Amino acid sequence: MPATWRRRSLLALACLLALVAAIGAGLLGSHEGPGEIQGNALPAAVVDAREARQALARREIAAGSGKTILFGDFHTHTTLSMDAFFSSMDVAIGEGAHPQADACDFARYCSALDFWSINDHAEFLTRERWDETIHSIRECNARAQDPKHPDTVAFLGWEWTQIGNTPEDHWGHRNVVLRGLADDEIPLRPIAASPTHATDLLDALNFAARTAMSLAFIGNKRVQDFALYTFETAMARPCPQGVAVRDLPPDCMESAATPADLQAKLRDWGHAALVIPHGSSWGMYTPAGSSWLKQLNRRQHDPQLQTLIEVYSGHGNIEEYRAWRGVSEAADGSLVCPPDSPAYTPMCRRAGEIIRARCLAEGASEDDCEQRADIARQNFIAAPTMQGEATVAQSSVQDWLDAGQCRDCFQPPWYHRPGNAVQHALALTDFDAAGPPLRFRFGFIGSSDVHTARPGTGYKEYDRFHMADFQFPLEERVQASSPPPAHSIAFEDVPELSVFSDQALLDDRPGAFYQTGGLVALHSRGRQRDQIWAALTRREVYATSGPRTLLWFDLINAPAPATILPMGSDVAMDYTPRFQVRAVGSFKQLPGCPDHARQGLPPERLARLCRGECYNPSEERKRITRIEVVRIRPQQYPGEPVAPLIEDPWLVLPCAGEPAGCSVEFSDPDFGTGRRDSLYYVRAIEEPSLAVNGAQLDCSVDAAGTCRRINPRAAGREDDRLAPIEERAWSSPIFVDYAMPDGVAGRP
């Protein structure tokens with residue numbers, strides 16, 4: 001072992017021994033347990049009334065499928081996740097612990113969900129925490145009382161959280177959701193993502209130990225709890241590699257380096273599970289230049305496990321493809337900074353402009369300033385993801401403006417990476433010689449990705465600090481009195497303390513991109529766990545940006561014997577497909593909480609969890625203004641350009657805005673003549689309404705449409721930064737393959 005590794009290990013060991021002594025002396029905090037569920041099942045009359053109102057809406061729009069639409073959230077973090085725990089502390093303006101029990105009571109009484117799942121980061125789920133999670137989820141379901149008609153169904157799961165420094169070693173995040181809750185339906189351990197190199201393991205251990213030591217003796221109970229939490233995590237031993245999952249020690253921390261490894265381990269367990277990618281285009285951790293292409297092969301993609309994708313969450317919309325990129329690759333393979341486009345300015349380009357402006361202000365020549373700008377662009381590209389701002393010292397919020405952001409996307413994530421957008425994934429084909437062409441065939445879901453144990457936060461647009469993630473009331477940084485330096489800094493030369501203090505991560509620009517959460521909607525034959533799971537596996541699901549929009553999307557001239565096929569279906573045919581869309585807007589909300597919520601939880605718990613507001617529908621629905629149809633015709637040969645294959649929108653079908661909803665039909669006469677496989681999905685657009693952080697960076701633009709100033713900062717703690725957006729629902733695609741004359745589909 002190299003001497004530096006030995007020193008790190010000895011330092012970590014010394015810190016850990018000191019922590020053990022502190023624990024023995026009673027100087028540290030309390031174990032972060034699962035909490036206590038306080039609410040019981042909703043009255044049956046409440047659930048029946050919801051179903052009756054939906055049945056009326058189905059009759060009025062002639063949606064007679066015989067299935068009910070259920071709403072849920074498949075992305076819920078509690079303070080067992082490290083980032084959630086940290087943001088719960090006073091230093092982050094947090095409100096304390098939010099354990100698993102809070103999620104159960106919130107889903108039942110605040111957001112009124114039909115189903116939900118728990119998805120804490122597996123990297124922090126020790127055996128004790130995993131056992132407590134299982135127990136809490138079982139108890140939440142037990143309180144539903146009637147398993148044939150439960151008020152809410154809780155699923156067990158975790159998040160596999162992988163982050164790479166380059167597009168080559170980055171795979172992204174997946175939620176794993178399990179169908180069953182019996183001992184023989186659950187892995188003994190959740191499966192975490194693996195650090196890329198052995199040094200990362202030592203660094204992580206060293207960091208955890210030093211963090212715990214530095215925080216342990218601060219006289220704040222919550223900080224001491226965090227120190228103990230960090231210590232417990234650091235003490236968990238990793239599982240040995242190369243051992244079958246059932247032969248591993250029951251209390252070790254299991255990991256998988258790639259999606260292929262994760263899926264292989266799940267297959268070895270043999271339990272019914274779903275692997276759901278999410279946030280694939282979030283630049284918060286996704287390197288510029290990343291693409292779905294490297295993940296579309298039979299090793300990294302299991303089409304039996306990876307059938308759904310989270311299109312929208314409180315962290316943004318990853319749907320939309322664009323041709324621009326944050327970096328470009330030169331002919332020699334090196335990375336270069338691409339030019340501006342009307343809807344996008346690369347961050348590296350903006351770094352060069354900041355340095356150029358400073359340089360000209362010093363009176364230097366145009367040539368000299370252009371050379372400095374070019375160095376600034378390259379320094380930004382060479383820096384790790386989300387740390388490039390540190391190469392431009394003393395930069396402010398206004399210096400960066402709206403660089404790095406998609407200007408014409410609906411509620412995009414921070415630093416949208418279009419190569420990892422859902423539309424790009426659906427347009428790709430893998431032409432591996434070892435088998436027939438392979439494609440992603442994702443159904444669409446939405447969820448919250450909330451970190452305060454509040455599944456389904458999008459039911460009302462209020463209380464930004466508690467219903468949207470990572471909202472920090474930061475003060476303006478005091479700028480130095482002397483002019484800022486007119487030279488960029490190579491990242492390796494940036495002082496360690498400046499890496500975070502000088503980058504935009506610490507101001508309000510990222511916080512402006514967190515909204516309240518989305519929802520999973522599905523067409524189910526009933527409310528039971530297995531019926532919900534069957535709808536998920538059929539891909540008869542859709543996503544919403546938060547509201548409970550009702551949506552049906554069907555192929556209405558399918559080949560016999562089906563004739564009508566719902567969203568998520570696959571079919572092969574050789575004639576013009578015809579489709580029907582029916583959509584009904586979500587209920588406008590009344591203030592406060594309904595009687596059953598006020599009676600079901602103690603007042604202080606209802607106030608803390610729901611923050612004074614629950615799902616409380618009025619008799620009035622929002623209007624549907626239009627239906628947008630997206631058509632994607634996946635690649636037919638290797639290297640076929642992708643941009644022309646994604647037609648968004650392909651059709652826009654206006655709606656009359658009737659209270660009963662919107663019903664439209666369309667067909668694709670090009671399908672038979674074009675003779676290529678196609679997929680179709682729809683967006684149902686609601687009338688504009690106010691949303692938390694709706695304007696995101698809130699650019700002030702000049703006559704040419706150029707952003708001149710941004711306004712990402714709230715006016716105060718009570719400011720929810722409400723602005724109008726068009727809430728929406730995305731159907732899962734219907735995949736229509738062209739059937740060759742012999743009846744065989746043109747593409748699988």
# chains A, B, ... in the order shown; residues from 1 in each chain; ligands from 1
$ residues_around --residues "Glu640 in chain A" --least-positions-apart "5" --cutoff "12 Å" --atoms "only C-alpha atoms" --output "MDAnalysis selection string"
chainID A and resid 427:431 633:635 645
$ select_by_dssp --residues "range 575-606 of chain A" --states "strand (DSSP E or B)" --output "ChimeraX atom specification"
/A:578-584,587-589
$ write_last_selection --atoms "C-alpha atoms" --output "tab-separated table (two decimals), in the first residue's frame"
chain	number	residue	atom	x	y	z
A	578	ARG	CA	-55.27	5.79	-35.53
A	579	PHE	CA	-55.22	7.10	-31.99
A	580	GLN	CA	-57.62	8.59	-29.47
A	581	VAL	CA	-56.68	10.90	-26.59
A	582	ARG	CA	-58.97	11.85	-23.73
A	583	ALA	CA	-57.87	14.17	-20.93
A	584	VAL	CA	-59.60	15.77	-17.95
A	587	PHE	CA	-59.19	19.65	-9.50
A	588	LYS	CA	-58.51	23.15	-8.30
A	589	GLN	CA	-57.67	23.06	-4.61
$ residues_around --residues "Gln300 in chain A" --least-positions-apart "5" --cutoff "8 Å" --atoms "only C-alpha atoms" --output "PyMOL selection string"
chain A and resi 258-260+295
$ closest_atom_pairs --of "range 416-520 of chain A" --to "range 679-699 of chain A" --cutoff "8 Å" --atoms "only C-alpha atoms" --output "JSON lines"
{"residue": "A:Glu461", "atom": "CA", "partner": "A:Ala691", "partner_atom": "CA", "distance": 5.3}
{"residue": "A:Tyr462", "atom": "CA", "partner": "A:Val692", "partner_atom": "CA", "distance": 6.6}
{"residue": "A:Arg464", "atom": "CA", "partner": "A:Val692", "partner_atom": "CA", "distance": 6.2}
{"residue": "A:Ala468", "atom": "CA", "partner": "A:Val692", "partner_atom": "CA", "distance": 7.8}
{"residue": "A:Arg509", "atom": "CA", "partner": "A:Leu697", "partner_atom": "CA", "distance": 6.7}
{"residue": "A:Ala512", "atom": "CA", "partner": "A:Gln696", "partner_atom": "CA", "distance": 4.7}
{"residue": "A:Phe513", "atom": "CA", "partner": "A:Gln696", "partner_atom": "CA", "distance": 5.6}
{"residue": "A:Tyr514", "atom": "CA", "partner": "A:Asn693", "partner_atom": "CA", "distance": 7.0}
{"residue": "A:Gln515", "atom": "CA", "partner": "A:Val692", "partner_atom": "CA", "distance": 5.8}
{"residue": "A:Thr516", "atom": "CA", "partner": "A:Val692", "partner_atom": "CA", "distance": 6.7}
$ residues_around --residues "Arg626 in chain A" --least-positions-apart "6" --cutoff "6 Å" --atoms "only C-alpha atoms" --output "NGL selection string"
:A and (653-655 or 685)
